[in-house]
$ cat query_10.pdb   # PDB, C-alpha atoms
ATOM      1  CA  MET X  17      -2.295  20.107  -9.450
ATOM      2  CA  ALA X  18       1.223  21.049  -8.324
ATOM      3  CA  GLU X  19       0.180  24.642  -7.673
ATOM      4  CA  VAL X  20      -2.883  23.570  -5.670
ATOM      5  CA  ILE X  21      -0.871  21.188  -3.481
ATOM      6  CA  ARG X  22       1.816  23.832  -2.987
ATOM      7  CA  GLU X  23      -0.846  26.293  -1.821
ATOM      8  CA  ILE X  24      -2.307  23.675   0.531
ATOM      9  CA  SER X  25       1.144  22.949   1.922
ATOM     10  CA  GLU X  26       1.913  26.625   2.431
ATOM     11  CA  GLY X  27      -1.518  27.160   4.004
ATOM     12  CA  LEU X  28      -0.951  24.331   6.475
ATOM     13  CA  ILE X  29       2.514  25.640   7.346
ATOM     14  CA  ASN X  30       1.186  29.171   7.864
ATOM     15  CA  GLY X  31      -1.672  27.807   9.965
ATOM     16  CA  TYR X  32       0.780  25.785  12.014
ATOM     17  CA  LYS X  33       3.007  28.804  12.566
ATOM     18  CA  SER X  34      -0.002  30.935  13.499
ATOM     19  CA  LEU X  35      -1.076  28.318  16.023
ATOM     20  CA  LEU X  36       2.374  28.265  17.596
ATOM     21  CA  SER X  37       2.467  32.060  17.768
ATOM     22  CA  ILE X  38      -0.643  32.288  19.959
ATOM     23  CA  ILE X  39       0.218  29.573  22.474
ATOM     24  CA  PRO X  40       2.833  29.651  25.261
ATOM     25  CA  GLU X  41       6.301  28.393  24.431
ATOM     26  CA  TRP X  42       5.959  25.412  26.779
ATOM     27  CA  ALA X  43       2.837  24.318  24.878
ATOM     28  CA  GLN X  44       4.510  24.512  21.463
ATOM     29  CA  ASN X  45       6.543  21.359  22.098
ATOM     30  CA  PHE X  46       3.420  19.538  23.234
ATOM     31  CA  THR X  47       1.578  20.642  20.088
ATOM     32  CA  ASN X  48       4.409  19.445  17.887
ATOM     33  CA  LEU X  49       4.559  16.163  19.831
ATOM     34  CA  PHE X  50       0.803  15.644  19.495
ATOM     35  CA  LEU X  51       0.945  16.129  15.711
ATOM     36  CA  VAL X  52       3.828  13.662  15.433
ATOM     37  CA  ILE X  53       1.893  11.132  17.534
ATOM     38  CA  LEU X  54      -1.152  11.646  15.309
ATOM     39  CA  LEU X  55       0.907  11.015  12.164
ATOM     40  CA  ILE X  56       2.409   7.840  13.666
ATOM     41  CA  PHE X  57      -1.058   6.690  14.729
ATOM     42  CA  LEU X  58      -2.555   7.188  11.259
ATOM     43  CA  TYR X  59       0.341   5.353   9.615
ATOM     44  CA  SER X  60       0.176   2.472  12.097
ATOM     45  CA  LEU X  61      -3.604   2.223  11.749
ATOM     46  CA  PHE X  62      -3.302   2.080   7.966
ATOM     47  CA  VAL X  63      -0.689  -0.693   8.090
ATOM     48  CA  TRP X  64      -2.535  -2.685  10.767
ATOM     49  CA  LYS X  65      -5.915  -2.521   9.033
ATOM     50  CA  LEU X  66      -4.695  -3.360   5.540
ATOM     51  CA  TYR X  67      -1.618  -5.578   5.870
ATOM     52  CA  ARG X  68      -3.745  -8.733   6.043
ATOM     53  CA  LEU X  69      -5.565  -7.683   2.875
ATOM     54  CA  LEU X  70      -2.372  -7.153   0.906
ATOM     55  CA  ALA X  71      -0.877 -10.433   2.135
ATOM     56  CA  SER X  72      -3.890 -12.569   1.200
ATOM     57  CA  LYS X  73      -3.578 -14.644  -1.934
ATOM     58  CA  ASN X  74      -7.282 -14.259  -2.673
ATOM     59  CA  ILE X  75      -8.090 -10.793  -1.430
ATOM     60  CA  LEU X  76     -11.563 -10.685  -2.949
ATOM     61  CA  ASN X  77     -14.470 -12.856  -1.946
ATOM     62  CA  LEU X  78     -16.981 -11.343  -4.306
ATOM     63  CA  ASP X  79     -18.108 -14.680  -5.807
ATOM     64  CA  LEU X  80     -19.128 -13.032  -9.061
ATOM     65  CA  SER X  81     -19.961 -16.465 -10.469
ATOM     66  CA  GLN X  82     -23.336 -16.230  -8.724
ATOM     67  CA  TYR X  83     -24.336 -13.778 -11.454
ATOM     68  CA  ASN X  84     -23.688 -16.362 -14.153
ATOM     69  CA  LYS X  85     -27.216 -17.336 -15.247
ATOM     70  CA  THR X  86     -26.381 -18.803 -18.645
ATOM     71  CA  GLN X  87     -27.247 -22.463 -19.333
ATOM     72  CA  HIS X  88     -25.216 -23.152 -22.480
ATOM     73  CA  PRO X  89     -21.845 -24.786 -21.551
ATOM     74  CA  PHE X  90     -19.828 -22.594 -23.927
ATOM     75  CA  PHE X  91     -21.356 -19.321 -22.731
ATOM     76  CA  THR X  92     -21.149 -20.511 -19.122
ATOM     77  CA  LYS X  93     -17.380 -21.009 -19.445
ATOM     78  CA  LEU X  94     -17.009 -17.748 -21.388
ATOM     79  CA  PHE X  95     -18.970 -15.784 -18.803
ATOM     80  CA  LYS X  96     -17.088 -17.460 -15.955
ATOM     81  CA  GLY X  97     -13.796 -16.493 -17.589
ATOM     82  CA  GLY X  98     -14.987 -12.902 -17.970
ATOM     83  CA  LEU X  99     -16.003 -12.735 -14.302
ATOM     84  CA  TYR X 100     -12.646 -14.179 -13.266
ATOM     85  CA  LEU X 101     -10.895 -11.559 -15.394
ATOM     86  CA  ALA X 102     -12.958  -8.752 -13.866
ATOM     87  CA  GLU X 103     -12.414  -9.954 -10.309
ATOM     88  CA  TYR X 104      -8.734 -10.874 -10.299
ATOM     89  CA  VAL X 105      -7.186  -8.923 -13.159
ATOM     90  CA  ILE X 106      -9.085  -5.626 -12.907
ATOM     91  CA  ILE X 107     -10.588  -5.130  -9.431
ATOM     92  CA  LEU X 108      -7.854  -6.863  -7.413
ATOM     93  CA  PRO X 109      -4.888  -4.929  -8.892
ATOM     94  CA  PHE X 110      -6.680  -1.650  -8.188
ATOM     95  CA  MET X 111      -7.135  -2.648  -4.539
ATOM     96  CA  ILE X 112      -3.429  -3.467  -4.320
ATOM     97  CA  PHE X 113      -2.657  -0.211  -6.107
ATOM     98  CA  PHE X 114      -4.674   1.683  -3.475
ATOM     99  CA  TRP X 115      -2.523   0.168  -0.705
ATOM    100  CA  PHE X 116       0.621   0.985  -2.674
ATOM    101  CA  SER X 117      -0.462   4.608  -3.245
ATOM    102  CA  ILE X 118      -1.349   5.350   0.391
ATOM    103  CA  PHE X 119       1.818   3.635   1.600
ATOM    104  CA  ALA X 120       3.956   5.676  -0.812
ATOM    105  CA  LEU X 121       2.240   8.917   0.233
ATOM    106  CA  PHE X 122       2.949   8.151   3.886
ATOM    107  CA  LEU X 123       6.602   7.531   3.052
ATOM    108  CA  ILE X 124       6.771  10.872   1.247
ATOM    109  CA  LEU X 125       5.598  12.554   4.456
ATOM    110  CA  LEU X 126       7.691  10.489   6.853
ATOM    111  CA  THR X 127      11.044  10.375   5.081
ATOM    112  CA  GLU X 128      13.572  13.081   4.350
ATOM    113  CA  ASN X 129      16.203  13.490   1.634
ATOM    114  CA  ILE X 130      14.710  10.648  -0.407
ATOM    115  CA  SER X 131      13.392  11.403  -3.890
ATOM    116  CA  VAL X 132       9.823  10.516  -4.840
ATOM    117  CA  ALA X 133      11.197   8.213  -7.565
ATOM    118  CA  SER X 134      13.147   6.243  -4.945
ATOM    119  CA  ILE X 135      10.106   6.069  -2.665
ATOM    120  CA  LEU X 136       7.942   4.734  -5.509
ATOM    121  CA  ILE X 137      10.513   2.062  -6.380
ATOM    122  CA  LEU X 138      10.814   1.091  -2.716
ATOM    123  CA  SER X 139       7.025   0.891  -2.317
ATOM    124  CA  ALA X 140       6.623  -1.123  -5.526
ATOM    125  CA  ALA X 141       9.395  -3.529  -4.442
ATOM    126  CA  ILE X 142       7.735  -4.085  -1.047
ATOM    127  CA  VAL X 143       4.281  -4.593  -2.563
ATOM    128  CA  GLY X 144       5.648  -6.916  -5.253
ATOM    129  CA  ALA X 145       7.570  -9.019  -2.715
ATOM    130  CA  ILE X 146       4.502  -9.325  -0.479
ATOM    131  CA  ARG X 147       2.219 -10.344  -3.367
ATOM    132  CA  ILE X 148       4.667 -12.976  -4.659
ATOM    133  CA  THR X 149       5.106 -14.342  -1.142
ATOM    134  CA  SER X 150       1.317 -14.518  -0.635
ATOM    135  CA  TYR X 151       1.110 -17.112  -3.414
ATOM    136  CA  TYR X 152       3.692 -19.239  -1.589
ATOM    137  CA  LYS X 153       2.770 -18.783   2.087
ATOM    138  CA  GLU X 154       0.262 -16.235   3.342
ATOM    139  CA  ASP X 155       1.641 -16.307   6.898
ATOM    140  CA  LEU X 156       5.053 -15.211   5.643
ATOM    141  CA  ALA X 157       3.438 -12.555   3.442
ATOM    142  CA  ARG X 158       1.565 -11.175   6.470
ATOM    143  CA  GLU X 159       4.798 -10.884   8.407
ATOM    144  CA  LEU X 160       6.421  -9.002   5.531
ATOM    145  CA  ALA X 161       3.408  -6.717   5.091
ATOM    146  CA  LYS X 162       3.446  -5.888   8.775
ATOM    147  CA  LEU X 163       7.115  -5.786   9.705
ATOM    148  CA  ILE X 164       8.645  -3.910   6.755
ATOM    149  CA  PRO X 165       6.359  -0.830   7.050
ATOM    150  CA  PHE X 166       6.988  -0.667  10.797
ATOM    151  CA  MET X 167      10.735  -1.021  10.260
ATOM    152  CA  LEU X 168      10.577   1.920   7.843
ATOM    153  CA  LEU X 169       8.680   3.881  10.489
ATOM    154  CA  THR X 170      11.421   3.078  13.002
ATOM    155  CA  VAL X 171      14.093   4.335  10.600
ATOM    156  CA  SER X 172      12.096   7.533  10.078
ATOM    157  CA  LEU X 173      11.773   8.049  13.835
ATOM    158  CA  LEU X 174      15.563   7.923  14.142
ATOM    159  CA  ASN X 175      15.767  10.850  11.704
ATOM    160  CA  THR X 176      15.889  14.128  13.651
ATOM    161  CA  GLY X 177      13.893  15.898  10.947
ATOM    162  CA  PHE X 178      10.918  13.612  11.578
ATOM    163  CA  PHE X 179       9.921  15.602  14.670
ATOM    164  CA  ASN X 180       9.802  18.862  12.732
ATOM    165  CA  ILE X 181       6.174  19.150  11.600
ATOM    166  CA  GLU X 182       7.018  22.092   9.338
ATOM    167  CA  LYS X 183       9.420  19.869   7.367
ATOM    168  CA  VAL X 184       6.782  17.133   7.200
ATOM    169  CA  LEU X 185       4.273  19.592   5.756
ATOM    170  CA  LEU X 186       6.859  20.794   3.248
ATOM    171  CA  ASN X 187       7.084  17.223   1.971
ATOM    172  CA  LEU X 188       3.509  17.621   0.703
ATOM    173  CA  GLN X 189       4.971  19.621  -2.172
ATOM    174  CA  GLN X 190       6.541  16.418  -3.521
ATOM    175  CA  ILE X 191       3.132  14.768  -4.032
ATOM    176  CA  PRO X 192       2.599  16.107  -7.616
ATOM    177  CA  THR X 193       5.730  14.194  -8.667
ATOM    178  CA  PHE X 194       4.086  11.085  -7.239
ATOM    179  CA  PHE X 195       1.061  11.499  -9.510
ATOM    180  CA  ASP X 196       3.252  12.156 -12.548
ATOM    181  CA  ASN X 197       4.752   8.651 -12.301
ATOM    182  CA  ILE X 198       1.846   6.683 -10.875
ATOM    183  CA  ILE X 199       0.556   5.081 -14.106
ATOM    184  CA  ILE X 200       3.777   3.109 -14.579
ATOM    185  CA  TYR X 201       3.353   1.490 -11.175
ATOM    186  CA  LEU X 202      -0.314   0.735 -11.773
ATOM    187  CA  LEU X 203       0.712  -1.163 -14.920
ATOM    188  CA  PHE X 204       3.430  -2.934 -12.935
ATOM    189  CA  ILE X 205       0.911  -4.145 -10.344
ATOM    190  CA  VAL X 206      -1.573  -5.286 -13.014
ATOM    191  CA  ILE X 207       1.105  -7.209 -14.959
ATOM    192  CA  LEU X 208       2.535  -8.769 -11.784
ATOM    193  CA  GLU X 209      -0.889  -9.961 -10.628
ATOM    194  CA  VAL X 210      -1.700 -11.381 -14.075
ATOM    195  CA  ILE X 211       1.585 -13.325 -14.096
ATOM    196  CA  LEU X 212       1.016 -14.633 -10.571
ATOM    197  CA  ARG X 213      -2.532 -15.716 -11.431
ATOM    198  CA  ALA X 214      -1.315 -17.435 -14.566
ATOM    199  CA  PHE X 215       1.295 -19.423 -12.658
ATOM    200  CA  ASP X 216      -1.237 -20.227  -9.939
ATOM    201  CA  PHE X 217      -3.635 -21.544 -12.578
ATOM    202  CA  LEU X 218      -0.908 -23.666 -14.191
ATOM    203  CA  PHE X 219       0.166 -25.115 -10.841
ATOM    204  CA  SER X 220      -3.415 -26.028  -9.964
ATOM    205  CA  LEU X 221      -3.900 -27.475 -13.456
ATOM    206  CA  PHE X 222      -0.944 -29.828 -12.998
ATOM    207  CA  GLY X 223      -1.869 -30.657  -9.420
ATOM    208  CA  ILE X 224       0.953 -28.699  -7.811
ATOM    209  CA  GLU X 225      -0.578 -27.520  -4.548
ATOM    210  CA  GLU X 226       0.732 -25.382  -1.737
ATOM    211  CA  VAL X 227       2.848 -27.097   0.903
ATOM    212  CA  ASP X 228       0.845 -28.181   3.934
ATOM    213  CA  GLU X 229       2.309 -25.912   6.621
ATOM    214  CA  THR X 230       1.020 -28.112   9.466
ATOM    215  CA  ALA X 231       2.720 -31.177   8.046
ATOM    216  CA  GLU X 232       5.852 -29.149   7.360
ATOM    217  CA  GLU X 233       6.027 -28.022  10.992
ATOM    218  CA  LYS X 234       5.671 -31.605  12.260
ATOM    219  CA  GLU X 235       8.639 -32.641  10.166
TER     220      GLU X 235
END

$ encode --input "query_10.pdb" --output "structure tokens"
Amino acid sequence: MAEVIREISEGLINGYKSLLSIIPEWAQNFTNLFLVILLIFLYSLFVWKLYRLLASKNILNLDLSQYNKTQHPFFTKLFKGGLYLAEYVIILPFMIFFWFSIFALFLILLTENISVASILILSAAIVGAIRITSYYKEDLARELAKLIPFMLLTVSLLNTGFFNIEKVLLNLQQIPTFFDNIIIYLLFIVILEVILRAFDFLFSLFGIEEVDETAEEKE
């Protein structure tokens, strides 16, 4: 894996250098600028399209209970519990993990002089904070899911190395380290979501509901 990604990185760098060598010098800056704009666009599009998903308490609306055809009360409850487990403890964490993985990969490309381990911890902390907040207030979670990634982009833009596409492509060589440590963070997301669901279930069981935001604003 590491060797393949290194070859891809070197191939992209060589292709980039070859492209620059055949175009006028005045056009080289425009080419570099266009690639930077494209990278910013892809990052912004990713955040904008998926921040609402990550910040939603109930991301999935699969309604798997419609497949529960059993009539016996015991098996109905058992099957319902199994569907709940599949929907919110298996499928949901993997969707969150997807967001985490793409976000971390973008940070690997955008940042400089930051180890992959630090990027993974940062990404996990942001995702964890957003998920916990979503169980309290989804509006606040949406703001976190939107603002923090864009703040990180702003910090990256202030780094002079960000505008060097060759350095960005060299960062691709750090990706194998990302995959070496990814399982730990998948387990973290699964455990976090299980704990949050458990507390949510207990709160609903004892009649502890979310604060009515409309009433709170009137006060």

$ resolve_selection --input "query_10.pdb" --expression "the PyMOL selection byres ((chain X and resi 173-187) around 9)" --output "list in words"
Arg22, Ser25, Glu26, Leu28, Ile29, Tyr32, Lys33, Asn48, Leu49, Leu51, Val52, Ile124, Leu125, Leu126, Thr127, Glu128, Leu168, Leu169, Thr170, Val171, Ser172, Leu188, Gln189, Gln190 and Ile191 of chain X

$ resolve_selection --input "query_10.pdb" --expression "the PyMOL selection byres ((chain X and resi 142) around 9)" --output "number ranges by chain"
X: 116, 137-141, 143-147, 160-161, 164-165

$ closest_residue --input "query_10.pdb" --among "X:Leu121, X:Glu41, X:Ala71, X:Leu212" --to "Ile198 (chain X)" --atoms "all atoms listed in the file"
X:Leu121

$ closest_residue --input "query_10.pdb" --among "X:Phe166, X:Glu23, X:Arg213, X:Thr193" --to "Ile135 (chain X)" --atoms "all atoms listed in the file"
X:Thr193

$ resolve_selection --input "query_10.pdb" --expression "the PyMOL selection byres ((chain X and resi 62) around 12)" --output "list in words"
Leu55, Ile56, Phe57, Leu58, Tyr59, Ser60, Leu61, Val63, Trp64, Lys65, Leu66, Tyr67, Arg68, Leu69, Leu70, Phe114, Trp115, Phe116, Ser117, Ile118, Phe119, Ala120, Leu121, Phe122, Ala161, Lys162, Pro165 and Phe166 of chain X

$ residues_around --input "query_10.pdb" --residues "Ile200 (chain X)" --least-positions-apart "5" --cutoff "12 Å" --atoms "all atoms listed in the file" --output "PyMOL selection string"
chain X and resi 113+133+136-137+140+194-195+205-207

$ axis_aligned_box --input "query_10.pdb" --around "region 142-157 of chain X" --padding-each-side "5 Å" --output "AutoDock Vina command-line options"
--center_x 4.0 --center_y -11.7 --center_z 0.8 --size_x 17.5 --size_y 25.2 --size_z 22.2

$ closest_residue --input "query_10.pdb" --among "X:Asn197, X:Tyr151, X:Ser37, X:Ile112" --to "Phe217 (chain X)" --atoms "only C-alpha atoms"
X:Tyr151
